[in-house]
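Working notes, structure below.
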Amino acid sequence: SQTIHQWPATLVQPVGSPLSLECTVEGTSNPNLYWYRQAAGRGLQLLFYSVGIGQISSEVPQNLSASRPQDRQFILSSKKLLLSDSGFYLCAWSVYTGNTEAFFGQGTRLTVV
Amino acid sequence: AQTVTQSQPEMSVQEAETVTLSCTYDTSESDYYLFWYKQPPSRQMILVIRQEAYKQQNATENRFSVNFQKAAKSFSLKISDSQLGDAAMYFCAYRTYGGATNKLIFGTGTLLAVQP
């Protein structure tokens, strides 16, 4: 069966520090991969999505970047965090095509202080 | 660009009653998929129901059903016989049909409270 792992679960980082959040998927190949950010009590904002290795689409200009070095690995990064980067970050995967649902990781609560 | 709008930030329903959550979307595509997800306090995202745009028949899953109006670009969720466990944030989502773009975008959510 397929599983998705996202870590860490919580993270407190100072302003100006780098960030690296990792997401890996097991049990499937060539998945679509997504990074979302959810501010407190708000909706899910699509940050990046990827349909293949090295293929990254950015939805919102921001202080963040994403990479997909392997088929089932998706990394969210920042060189210098801002206070506004605080939030709940969710990674998700779905089958390449079809009406199948997206499966989500447990999320990372990032607090920038 | 596609957008998803949920105009009801919060809703409340009495236990055992019926509630309808609204969702509208904007797209120029003819084929796409629509979803409703539930996010309880645990923050885990749970699929509630899905609809293919090429199907005219409204999807149903037990107490959950949708009213899909393609021409109006409307996709509402009806919860019948509401239960305390239905209390959660509900998100409407749109997914492109496939190919080079596989975007999955969400609305801003509706927080549903269920009163005993």
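Just remember, in the structure tokens the first chain shown is A, the second B, etc., residues are 1-based per chain, and ligands are 1-based in the order shown.
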
Give as a PyMOL selection string every residue of chain B that touches chain A within 9 Å, counting only C-alpha atoms.
chain B and resi 32-35+42-47+50-52+89+91+95+97-111

Which parts of chain B does DSSP call strand (DSSP E) when run on the backbone here, written out as an NGL selection string?
:B and (3-5 or 10-14 or 19-21 or 24-26 or 32-39 or 46-52 or 60-61 or 64-69 or 74-79 or 88-96 or 104-106 or 110-115)

Can you tell me how far CA of Thr27 in chain B sits from CA of Arg63 in chain B, in Å to one decimal?
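Computed distance, CA of Thr27 in chain B to CA of Arg63 in chain B, equals 28.5 Å.
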
Please provide the set of residues having any atom within 12 Å of Trp7 in chain A, restricted to only C-alpha atoms, with same-chain residues fewer than 4 positions apart removed, written as number ranges by chain.
A: 11, 19-24, 73-76, 88-91, 105-110

Neighbouring residues of Met11 in chain B were defined as those with any atom within 12 Å, considering only C-alpha atoms; residues of the same chain fewer than 4 positions away were excluded. Please report them as a list in words.
Gln6, Ser7, Thr18, Val19, Thr20, Leu21, Ser22, Ile79, Asp86, Ala87, Ala88, Met89, Tyr90, Gly109, Thr110, Leu111, Leu112, Ala113, Val114 and Gln115 of chain B
